[in-house]
>>> print(open('work.txt').read())   # compact mmCIF, C-alpha atoms
# COMPACT_ATOMS: atom_id res chain seq x y z
CA MET A 1 -8.73 7.96 -0.66
CA ASP A 2 -6.57 10.99 0.16
CA CYS A 3 -4.17 10.42 3.12
CA PHE A 4 -6.87 8.11 4.45
CA PHE A 5 -5.89 7.56 8.11
CA ALA A 6 -4.89 11.19 8.65
CA GLN A 7 -8.05 12.48 6.96
CA ILE A 8 -10.26 10.33 9.22
CA GLU A 9 -8.42 11.65 12.28
CA GLU A 10 -9.00 15.22 11.11
CA ARG A 11 -12.69 14.44 10.69
CA GLU A 12 -12.91 12.94 14.18
CA ASN A 13 -10.81 15.74 15.72
CA PRO A 14 -11.79 18.99 13.94
CA GLN A 15 -9.62 20.97 16.36
CA PHE A 16 -6.60 19.64 14.43
CA LYS A 17 -7.80 20.92 11.04
CA GLY A 18 -5.17 23.05 9.31
CA ARG A 19 -2.31 21.63 11.40
CA PRO A 20 0.36 19.10 10.37
CA LEU A 21 -0.90 15.70 11.53
CA VAL A 22 1.03 12.42 11.74
CA VAL A 23 -0.46 8.98 12.41
CA GLY A 24 1.97 6.40 13.76
CA SER A 25 4.03 5.48 16.79
CA ASP A 26 4.51 7.70 19.84
CA PRO A 27 7.44 10.06 19.02
CA LYS A 28 8.29 10.36 22.74
CA GLY A 29 9.76 13.81 22.27
CA GLY A 30 12.06 12.63 19.50
CA SER A 31 13.24 9.39 21.11
CA GLY A 32 10.40 7.15 19.86
CA ARG A 33 11.40 4.03 17.95
CA GLY A 34 8.46 3.35 15.63
CA VAL A 35 7.56 4.69 12.21
CA VAL A 36 5.03 6.97 10.51
CA SER A 37 1.93 5.21 9.18
CA THR A 38 0.69 8.23 7.21
CA ALA A 39 0.68 12.01 7.37
CA ASN A 40 -1.64 14.71 6.08
CA TYR A 41 -0.58 16.94 3.20
CA ILE A 42 0.48 19.78 5.49
CA ALA A 43 2.89 17.45 7.32
CA ARG A 44 4.20 16.12 4.00
CA LYS A 45 5.45 19.60 3.15
CA TYR A 46 7.97 19.12 5.99
CA GLY A 47 9.26 15.93 4.36
CA ILE A 48 7.24 13.53 6.54
CA HIS A 49 6.03 10.39 4.77
CA SER A 50 4.96 6.78 5.42
CA ALA A 51 7.61 4.48 6.93
CA LEU A 52 9.78 7.43 8.06
CA PRO A 53 11.22 6.84 11.56
CA ILE A 54 8.92 8.62 13.99
CA SER A 55 11.90 10.26 15.72
CA GLN A 56 12.91 11.84 12.41
CA ALA A 57 9.34 13.00 11.79
CA PHE A 58 9.38 14.71 15.19
CA ARG A 59 12.66 16.46 14.39
CA LEU A 60 11.28 17.65 11.04
CA CYS A 61 8.11 19.06 12.62
CA PRO A 62 7.95 18.95 16.44
CA GLU A 63 4.80 21.10 16.41
CA ALA A 64 2.86 18.46 14.46
CA VAL A 65 -0.04 16.56 16.04
CA PHE A 66 1.06 12.93 16.56
CA LEU A 67 -1.76 10.38 16.93
CA PRO A 68 -1.72 6.59 17.36
CA VAL A 69 -3.08 4.26 14.67
CA ASN A 70 -6.79 3.48 15.22
CA PHE A 71 -7.09 0.59 12.79
CA GLY A 72 -10.55 -0.52 13.92
CA LEU A 73 -11.98 2.91 13.07
CA TYR A 74 -10.25 2.99 9.68
CA GLU A 75 -11.62 -0.46 8.82
CA ARG A 76 -15.19 0.60 9.64
CA VAL A 77 -14.92 3.71 7.47
CA SER A 78 -13.39 1.63 4.67
CA GLU A 79 -16.34 -0.79 4.79
CA ASN A 80 -18.75 2.15 4.46
CA ILE A 81 -16.87 3.46 1.42
CA PHE A 82 -16.77 0.06 -0.28
CA GLY A 83 -20.52 -0.14 0.29
CA ILE A 84 -20.86 3.06 -1.73
CA LEU A 85 -18.58 1.78 -4.51
CA ARG A 86 -20.57 -1.43 -4.96
CA LYS A 87 -23.66 0.62 -5.78
CA TYR A 88 -21.91 1.83 -8.92
CA SER A 89 -20.34 -1.41 -10.17
CA GLU A 90 -20.80 -5.13 -9.71
CA ARG A 91 -17.07 -5.56 -10.23
CA VAL A 92 -15.04 -3.91 -7.48
CA GLU A 93 -11.49 -5.11 -6.81
CA THR A 94 -10.14 -4.41 -3.33
CA VAL A 95 -6.50 -3.29 -3.34
CA SER A 96 -6.29 -2.05 0.26
CA LEU A 97 -8.45 -0.27 2.84
CA ASP A 98 -8.30 2.92 0.80
CA GLU A 99 -7.86 1.82 -2.82
CA ALA A 100 -10.00 -0.08 -5.33
CA TYR A 101 -10.58 -0.66 -9.02
CA LEU A 102 -14.09 -0.44 -10.47
CA ASP A 103 -15.13 -1.88 -13.82
CA LEU A 104 -17.40 0.70 -15.49
CA SER A 105 -17.39 -0.92 -18.92
CA TYR A 106 -21.18 -1.33 -18.73
CA LEU A 107 -21.48 2.43 -19.28
CA ASN A 108 -21.82 4.07 -22.67
CA GLY A 109 -18.39 5.67 -22.96
CA PHE A 110 -16.09 7.98 -21.01
CA LYS A 111 -18.55 10.88 -20.73
CA GLU A 112 -20.87 8.70 -18.66
CA GLY A 113 -17.85 7.31 -16.80
CA GLU A 114 -16.77 10.79 -15.75
CA LYS A 115 -20.29 11.56 -14.55
CA VAL A 116 -20.35 8.39 -12.40
CA ALA A 117 -16.88 9.19 -11.04
CA ARG A 118 -18.12 12.61 -9.87
CA GLU A 119 -21.18 11.01 -8.30
CA ILE A 120 -18.93 8.58 -6.37
CA LYS A 121 -16.72 11.43 -5.11
CA ASN A 122 -19.75 13.47 -4.07
CA GLU A 123 -21.42 10.56 -2.25
CA ILE A 124 -18.26 9.70 -0.31
CA LEU A 125 -17.85 13.35 0.65
CA GLU A 126 -21.50 13.71 1.65
CA LYS A 127 -21.75 10.49 3.67
CA GLU A 128 -18.22 10.16 5.10
CA LYS A 129 -16.99 13.78 4.96
CA LEU A 130 -13.80 12.57 3.23
CA THR A 131 -12.22 13.53 -0.09
CA SER A 132 -11.15 10.99 -2.70
CA THR A 133 -9.29 10.93 -5.99
CA ILE A 134 -10.38 9.01 -9.07
CA GLY A 135 -8.50 8.09 -12.24
CA LEU A 136 -10.51 6.99 -15.26
CA GLY A 137 -8.87 5.10 -18.11
CA SER A 138 -9.30 2.28 -20.57
CA ASN A 139 -7.42 -0.15 -18.28
CA LYS A 140 -6.15 -0.58 -14.72
CA ALA A 141 -2.62 0.70 -15.36
CA ILE A 142 -3.83 3.97 -16.93
CA ALA A 143 -6.39 4.47 -14.15
CA LYS A 144 -3.73 3.92 -11.46
CA ILE A 145 -1.32 6.41 -13.02
CA ALA A 146 -4.13 8.95 -13.49
CA VAL A 147 -5.02 8.69 -9.78
CA ASN A 148 -1.41 9.39 -8.78
CA GLN A 149 -1.37 12.45 -11.04
CA ALA A 150 -4.69 13.83 -9.77
CA LYS A 151 -4.13 13.64 -5.98
CA PRO A 152 -5.43 15.14 -3.78
CA ASN A 153 -9.20 15.43 -4.26
CA GLY A 154 -8.95 15.20 -8.04
CA LEU A 155 -10.47 13.45 -11.03
CA LYS A 156 -8.39 12.73 -14.12
CA VAL A 157 -9.78 11.18 -17.30
CA VAL A 158 -7.41 9.69 -19.88
CA LEU A 159 -9.21 8.84 -23.13
CA PRO A 160 -7.94 5.82 -25.11
CA GLU A 161 -6.68 8.02 -27.95
CA GLU A 162 -4.75 10.16 -25.45
CA ALA A 163 -3.15 7.31 -23.50
CA GLU A 164 0.15 6.92 -25.31
CA ALA A 165 0.86 10.66 -25.42
CA PHE A 166 -0.13 10.91 -21.73
CA LEU A 167 2.45 8.24 -20.84
CA ASN A 168 5.37 9.43 -22.97
CA HIS A 169 6.48 12.31 -20.73
CA LEU A 170 6.23 10.32 -17.48
CA GLU A 171 9.17 9.04 -15.44
CA VAL A 172 9.58 5.26 -15.79
CA GLU A 173 8.97 4.76 -12.04
CA GLU A 174 5.35 5.87 -12.55
CA ILE A 175 4.57 2.75 -14.58
CA PRO A 176 3.05 -0.03 -12.40
CA GLY A 177 5.43 -2.99 -12.28
CA ILE A 178 8.67 -1.00 -12.50
CA GLY A 179 10.18 -1.00 -9.01
CA PRO A 180 13.08 0.99 -7.49
CA LYS A 181 15.79 -1.54 -8.46
CA LYS A 182 14.71 -1.54 -12.11
CA VAL A 183 14.53 2.26 -12.06
CA GLU A 184 18.17 2.36 -10.93
CA GLU A 185 19.15 -0.12 -13.62
CA LEU A 186 17.39 1.91 -16.29
CA GLU A 187 18.94 5.16 -15.07
CA LYS A 188 22.39 3.62 -15.55
CA ARG A 189 21.39 3.14 -19.18
CA GLY A 190 20.33 6.79 -19.37
CA ILE A 191 16.63 5.92 -19.45
CA ARG A 192 14.38 8.08 -17.29
CA LYS A 193 11.30 8.76 -19.41
CA VAL A 194 8.71 6.36 -20.78
CA SER A 195 9.41 7.70 -24.28
CA GLU A 196 13.05 6.58 -23.87
CA LEU A 197 12.04 3.17 -22.54
CA LYS A 198 9.86 2.56 -25.60
CA GLU A 199 12.94 2.72 -27.80
CA LEU A 200 14.25 -0.55 -26.31
CA GLY A 201 11.65 -2.72 -28.00
CA ARG A 202 9.90 -5.92 -26.98
CA GLU A 203 12.89 -8.31 -26.87
CA LYS A 204 15.06 -5.98 -24.82
CA LEU A 205 12.26 -5.46 -22.31
CA ARG A 206 11.88 -9.22 -21.94
CA GLU A 207 15.61 -9.44 -21.32
CA LEU A 208 15.44 -6.72 -18.63
CA PHE A 209 12.16 -7.66 -16.91
CA GLY A 210 11.81 -11.38 -17.64
CA LYS A 211 8.20 -12.53 -18.03
CA ALA A 212 6.97 -9.11 -16.92
CA GLY A 213 8.68 -7.55 -19.96
CA GLU A 214 5.68 -8.31 -22.17
CA THR A 215 3.34 -6.59 -19.70
CA ILE A 216 5.63 -3.55 -19.45
CA TYR A 217 5.83 -3.39 -23.26
CA GLY A 218 2.05 -3.04 -23.40
CA ARG A 219 1.67 -0.68 -20.45
CA ILE A 220 4.08 1.95 -21.77
CA ARG A 221 1.96 1.97 -24.95
CA GLY A 222 -1.28 2.40 -23.03
CA LYS A 223 -2.34 -1.25 -23.17
CA ASP A 224 -3.01 -3.56 -20.23
CA GLU A 225 -5.03 -6.78 -20.36
CA GLU A 226 -5.33 -7.26 -16.59
CA GLU A 227 -9.00 -7.44 -15.62
CA VAL A 228 -10.73 -6.10 -12.53
CA SER A 229 -10.63 -9.24 -10.41
CA LEU A 230 -13.30 -10.62 -8.08
CA LYS A 231 -11.95 -14.15 -7.72
CA ASN A 232 -10.20 -14.83 -4.39
CA ILE A 233 -9.99 -11.19 -3.38
CA ILE A 234 -6.59 -10.87 -1.76
CA LYS A 235 -6.38 -9.19 1.60
CA SER A 236 -3.38 -8.41 3.70
CA LEU A 237 -3.02 -8.42 7.46
CA GLY A 238 0.08 -7.41 9.35
CA ARG A 239 1.53 -6.23 12.62
CA GLU A 240 4.94 -5.00 13.75
CA HIS A 241 6.60 -4.32 17.08
CA THR A 242 9.51 -1.99 17.77
CA PHE A 243 11.46 -2.91 20.92
CA GLU A 244 12.17 -0.20 23.48
CA LYS A 245 15.82 -1.31 23.32
CA ASP A 246 17.52 -3.29 20.56
CA THR A 247 17.80 -6.87 21.75
CA ARG A 248 19.12 -10.35 21.03
CA ASP A 249 17.26 -12.03 23.87
CA PRO A 250 15.26 -14.86 22.24
CA GLU A 251 12.87 -15.04 25.19
CA ILE A 252 11.87 -11.39 24.75
CA ILE A 253 11.76 -11.62 20.95
CA PHE A 254 9.63 -14.77 20.76
CA LYS A 255 7.27 -13.65 23.51
CA VAL A 256 6.48 -10.53 21.47
CA PHE A 257 6.29 -12.55 18.25
CA ASP A 258 3.83 -15.03 19.80
CA GLY A 259 1.59 -12.08 20.60
CA ILE A 260 1.78 -10.87 16.99
CA VAL A 261 0.99 -14.37 15.67
CA GLU A 262 -2.01 -14.73 17.98
CA TYR A 263 -3.34 -11.27 17.09
CA ILE A 264 -3.20 -11.93 13.34
CA TRP A 265 -4.71 -15.41 13.77
CA GLU A 266 -7.61 -13.86 15.69
CA GLU A 267 -8.13 -11.31 12.89
CA LEU A 268 -8.11 -14.10 10.29
CA GLY A 269 -10.84 -15.84 12.25
CA LYS A 270 -12.96 -12.69 12.61
CA LYS A 271 -12.80 -12.05 8.87
CA ASN A 272 -13.22 -15.74 7.97
CA LEU A 273 -9.98 -15.74 5.92
CA SER A 274 -7.45 -18.40 5.03
CA PHE A 275 -3.71 -17.71 4.75
CA LYS A 276 -1.45 -18.50 1.81
CA THR A 277 1.67 -16.31 2.02
CA LEU A 278 3.53 -15.47 5.24
CA THR A 279 6.19 -12.76 5.42
CA VAL A 280 8.35 -12.14 8.49
CA VAL A 281 10.03 -8.74 8.81
CA CYS A 282 13.18 -8.19 10.84
CA ARG A 283 14.85 -4.80 11.29
CA TYR A 284 18.29 -4.85 12.82
CA GLN A 285 20.10 -2.07 14.63
CA GLY A 286 20.81 0.73 12.17
CA PHE A 287 17.50 0.25 10.28
CA GLU A 288 18.84 -2.62 8.16
CA THR A 289 15.59 -4.37 7.22
CA HIS A 290 15.13 -7.89 5.81
CA THR A 291 12.13 -10.06 4.99
CA ARG A 292 11.57 -13.78 4.51
CA SER A 293 8.45 -15.15 2.80
CA LEU A 294 6.78 -18.51 2.41
CA THR A 295 3.96 -19.19 -0.07
CA LEU A 296 2.02 -22.39 0.48
CA LYS A 297 0.70 -24.51 -2.39
CA GLU A 298 -2.84 -24.33 -0.99
CA LYS A 299 -4.62 -21.87 1.28
CA GLU A 300 -4.59 -22.97 4.92
CA ARG A 301 -6.63 -22.51 8.12
CA ASN A 302 -4.41 -24.48 10.49
CA PHE A 303 -3.05 -22.48 13.45
CA ARG A 304 -0.27 -25.01 14.14
CA ILE A 305 1.11 -24.58 10.60
CA PHE A 306 0.63 -20.81 10.77
CA LYS A 307 2.60 -20.46 14.02
CA ARG A 308 5.27 -23.06 13.19
CA GLU A 309 6.18 -21.66 9.77
CA SER A 310 6.19 -18.05 10.99
CA LYS A 311 8.49 -18.84 13.93
CA LYS A 312 10.83 -20.87 11.72
CA MET A 313 11.41 -17.82 9.52
CA LEU A 314 12.03 -15.57 12.52
CA LEU A 315 14.48 -18.10 13.95
CA LYS A 316 16.50 -17.96 10.72
CA PHE A 317 17.05 -14.23 11.29
CA LEU A 318 18.43 -14.90 14.77
CA ILE A 319 20.70 -17.64 13.50
CA SER A 320 21.96 -15.83 10.39
CA SER A 321 23.08 -12.59 12.05
CA PRO A 322 24.55 -11.63 15.45
CA LYS A 323 23.16 -8.08 15.18
CA LEU A 324 20.76 -6.62 17.71
CA ILE A 325 17.13 -6.57 16.58
CA ARG A 326 15.12 -3.35 16.56
CA LEU A 327 11.80 -4.49 15.08
CA ILE A 328 9.96 -7.68 14.15
CA GLY A 329 6.74 -8.12 12.24
CA LEU A 330 4.50 -10.54 10.40
CA ARG A 331 2.44 -9.94 7.26
CA VAL A 332 -0.07 -12.39 5.81
CA ILE A 333 -1.55 -12.53 2.33
CA CYS A 334 -4.88 -14.21 2.81
CA LEU A 335 -7.87 -15.32 0.80
CA GLU A 336 -11.57 -15.48 1.46
CA LYS A 337 -12.46 -18.97 2.71
>>> encode(input="work.txt", output="structure tokens")
Amino acid sequence: MDCFFAQIEERENPQFKGRPLVVGSDPKGGSGRGVVSTANYIARKYGIHSALPISQAFRLCPEAVFLPVNFGLYERVSENIFGILRKYSERVETVSLDEAYLDLSYLNGFKEGEKVAREIKNEILEKEKLTSTIGLGSNKAIAKIAVNQAKPNGLKVVLPEEAEAFLNHLEVEEIPGIGPKKVEELEKRGIRKVSELKELGREKLRELFGKAGETIYGRIRGKDEEEVSLKNIIKSLGREHTFEKDTRDPEIIFKVFDGIVEYIWEELGKKNLSFKTLTVVCRYQGFETHTRSLTLKEKERNFRIFKRESKKMLLKFLISSPKLIRLIGLRVICLEK
């Protein structure tokens, strides 16, 4: 979906159409302490993007419309859209509220695939009044890259015989699985394009990326064996809180954190989900951000374990650094029961 949260807000508030619109924390006239959740494409022209400090977003475009996150609304719209997607494929993999993979291999080739893709776009637009972008390829990696190239409101088809040529001119950071740190490392070696990365060969890629090297070797040649997955669809829940003033007071910090823990636990219950991976986020004064994660051997539904392990990770942040804390948060990777 194209700038999903912002697009829904424009639909619900047509008076804001054509104006820069930012969804996130209250900017408080430039002194707000939260971050941007998303922004529409007009606001992005001013340099506003997700995770940007809201105070900076206000300075970049004070005339923008700033709206709070309405997560309940976005979830309901997302459910409607996934209902549409499941009419076109029995295999739909949820990535997030606004992103999914569909397996269309039951169709007779790419011509039929493109027709179905247009039907999906048209039905979403007709029923939800929202634009979407679709990438069609012979595997998930190609489809993902095609989506990024076609945004907004686009449709890009990459035929199997075109895949390798399509990839060659791309920057290495556009390949799924190559993160910012690896991009920096590759740049130091003078490697910026996929065509340059291909020259390293299989063994060198294994040396650079470890086990993932084999996957990267295939992806930069247009091959990816990862299937559209239905088993244990992974969902993510999270919440953060930015303090009005940076603090070291454990009473204040843990009172807020208890509220976050209870909120997420309630959401897990509503959605009938178990938890497996917990991640605590701590942002110190000066925007220095750290995370700690714990992955359990088995999925759990025990609140005592959930609260205890989350608070233990937060406590480690307080113990390990004397710095004032600006923000705390908790993210949970969870599985269907």
>>> closest_residue(input="work.txt", among="A:Ser229, A:Thr291, A:Thr215, A:Thr133", to="Leu102 (chain A)", atoms="all atoms listed in the file")
A:Ser229
>>> closest_residue(input="work.txt", among="A:Lys198, A:Lys276, A:Arg239, A:His290", to="Arg221 (chain A)", atoms="all atoms listed in the file")
A:Lys198
>>> atom_distance(input="work.txt", atom1="CA of Pro62 (chain A)", atom2="CA of Gly32 (chain A)")
12.5 Å
>>> residues_around(input="work.txt", residues="Gly201 (chain A)", least_positions_apart="4", cutoff="12 Å", atoms="all atoms listed in the file", output="list in words")
Val194, Ser195, Glu196, Leu197, Leu205, Arg206, Glu207, Leu208, Gly213, Glu214, Ile216, Tyr217, Gly218, Ile220 and Arg221 of chain A
>>> residues_around(input="work.txt", residues="Phe275 (chain A)", least_positions_apart="3", cutoff="6 Å", atoms="all atoms listed in the file", output="list in words")
Lys299, Glu300 and Cys334 of chain A
>>> residues_around(input="work.txt", residues="Val183 (chain A)", least_positions_apart="5", cutoff="10 Å", atoms="all atoms listed in the file", output="list in words")
Glu171, Val172, Glu173, Glu174, Ile178, Lys188, Arg189, Ile191 and Arg192 of chain A
>>> build_atoms(input="work.txt", residues="region 205-236 of chain A", atoms="N, CA and C atoms", output="tab-separated table (two decimals), in the frame of the given file")
chain	number	residue	atom	x	y	z
A	205	LEU	N	13.04	-5.54	-23.54
A	205	LEU	CA	12.26	-5.46	-22.31
A	205	LEU	C	12.10	-6.83	-21.67
A	206	ARG	N	11.93	-7.86	-22.48
A	206	ARG	CA	11.88	-9.22	-21.94
A	206	ARG	C	13.19	-9.58	-21.27
A	207	GLU	N	14.29	-9.16	-21.87
A	207	GLU	CA	15.61	-9.44	-21.32
A	207	GLU	C	15.79	-8.74	-19.97
A	208	LEU	N	15.28	-7.51	-19.86
A	208	LEU	CA	15.44	-6.72	-18.63
A	208	LEU	C	14.48	-7.14	-17.53
A	209	PHE	N	13.22	-7.43	-17.90
A	209	PHE	CA	12.16	-7.66	-16.91
A	209	PHE	C	11.69	-9.10	-16.83
A	210	GLY	N	12.27	-9.99	-17.64
A	210	GLY	CA	11.81	-11.38	-17.64
A	210	GLY	C	10.39	-11.48	-18.18
A	211	LYS	N	9.58	-12.33	-17.57
A	211	LYS	CA	8.20	-12.53	-18.03
A	211	LYS	C	7.39	-11.24	-18.01
A	212	ALA	N	7.72	-10.37	-17.05
A	212	ALA	CA	6.97	-9.11	-16.92
A	212	ALA	C	7.26	-8.14	-18.08
A	213	GLY	N	8.30	-8.42	-18.85
A	213	GLY	CA	8.68	-7.55	-19.96
A	213	GLY	C	7.56	-7.34	-20.96
A	214	GLU	N	6.80	-8.40	-21.22
A	214	GLU	CA	5.68	-8.31	-22.17
A	214	GLU	C	4.60	-7.38	-21.64
A	215	THR	N	4.33	-7.48	-20.33
A	215	THR	CA	3.34	-6.59	-19.70
A	215	THR	C	3.80	-5.14	-19.76
A	216	ILE	N	5.08	-4.91	-19.42
A	216	ILE	CA	5.63	-3.55	-19.45
A	216	ILE	C	5.57	-2.98	-20.87
A	217	TYR	N	5.87	-3.81	-21.85
A	217	TYR	CA	5.83	-3.39	-23.26
A	217	TYR	C	4.44	-2.82	-23.60
A	218	GLY	N	3.40	-3.52	-23.13
A	218	GLY	CA	2.05	-3.04	-23.40
A	218	GLY	C	1.71	-1.79	-22.60
A	219	ARG	N	2.06	-1.79	-21.32
A	219	ARG	CA	1.67	-0.68	-20.45
A	219	ARG	C	2.25	0.66	-20.90
A	220	ILE	N	3.48	0.67	-21.36
A	220	ILE	CA	4.08	1.95	-21.77
A	220	ILE	C	3.51	2.43	-23.10
A	221	ARG	N	2.68	1.60	-23.72
A	221	ARG	CA	1.96	1.97	-24.95
A	221	ARG	C	0.47	2.14	-24.68
A	222	GLY	N	0.11	2.16	-23.40
A	222	GLY	CA	-1.28	2.40	-23.03
A	222	GLY	C	-2.16	1.18	-23.06
A	223	LYS	N	-1.55	-0.02	-23.09
A	223	LYS	CA	-2.34	-1.25	-23.17
A	223	LYS	C	-2.07	-2.12	-21.94
A	224	ASP	N	-3.14	-2.69	-21.40
A	224	ASP	CA	-3.01	-3.56	-20.23
A	224	ASP	C	-4.21	-4.50	-20.22
A	225	GLU	N	-3.95	-5.80	-20.26
A	225	GLU	CA	-5.03	-6.78	-20.36
A	225	GLU	C	-5.53	-7.26	-18.99
A	226	GLU	N	-4.94	-6.78	-17.92
A	226	GLU	CA	-5.33	-7.26	-16.59
A	226	GLU	C	-6.73	-6.81	-16.25
A	227	GLU	N	-7.60	-7.75	-15.91
A	227	GLU	CA	-9.00	-7.44	-15.62
A	227	GLU	C	-9.21	-7.05	-14.16
A	228	VAL	N	-10.30	-6.35	-13.90
A	228	VAL	CA	-10.73	-6.10	-12.53
A	228	VAL	C	-11.16	-7.45	-11.96
A	229	SER	N	-10.49	-7.87	-10.89
A	229	SER	CA	-10.63	-9.24	-10.41
A	229	SER	C	-11.54	-9.34	-9.19
A	230	LEU	N	-12.45	-10.33	-9.23
A	230	LEU	CA	-13.30	-10.62	-8.08
A	230	LEU	C	-12.94	-11.95	-7.44
A	231	LYS	N	-12.25	-12.80	-8.18
A	231	LYS	CA	-11.95	-14.15	-7.72
A	231	LYS	C	-10.88	-14.11	-6.63
A	232	ASN	N	-11.16	-14.77	-5.51
A	232	ASN	CA	-10.20	-14.83	-4.39
A	232	ASN	C	-9.60	-13.46	-4.08
A	233	ILE	N	-10.47	-12.54	-3.69
A	233	ILE	CA	-9.99	-11.19	-3.38
A	233	ILE	C	-8.89	-11.28	-2.33
A	234	ILE	N	-7.73	-10.77	-2.66
A	234	ILE	CA	-6.59	-10.87	-1.76
A	234	ILE	C	-6.64	-9.77	-0.72
A	235	LYS	N	-6.44	-10.16	0.51
A	235	LYS	CA	-6.38	-9.19	1.60
A	235	LYS	C	-5.03	-9.36	2.30
A	236	SER	N	-4.65	-8.35	3.00
A	236	SER	CA	-3.38	-8.41	3.70
A	236	SER	C	-3.59	-8.00	5.15
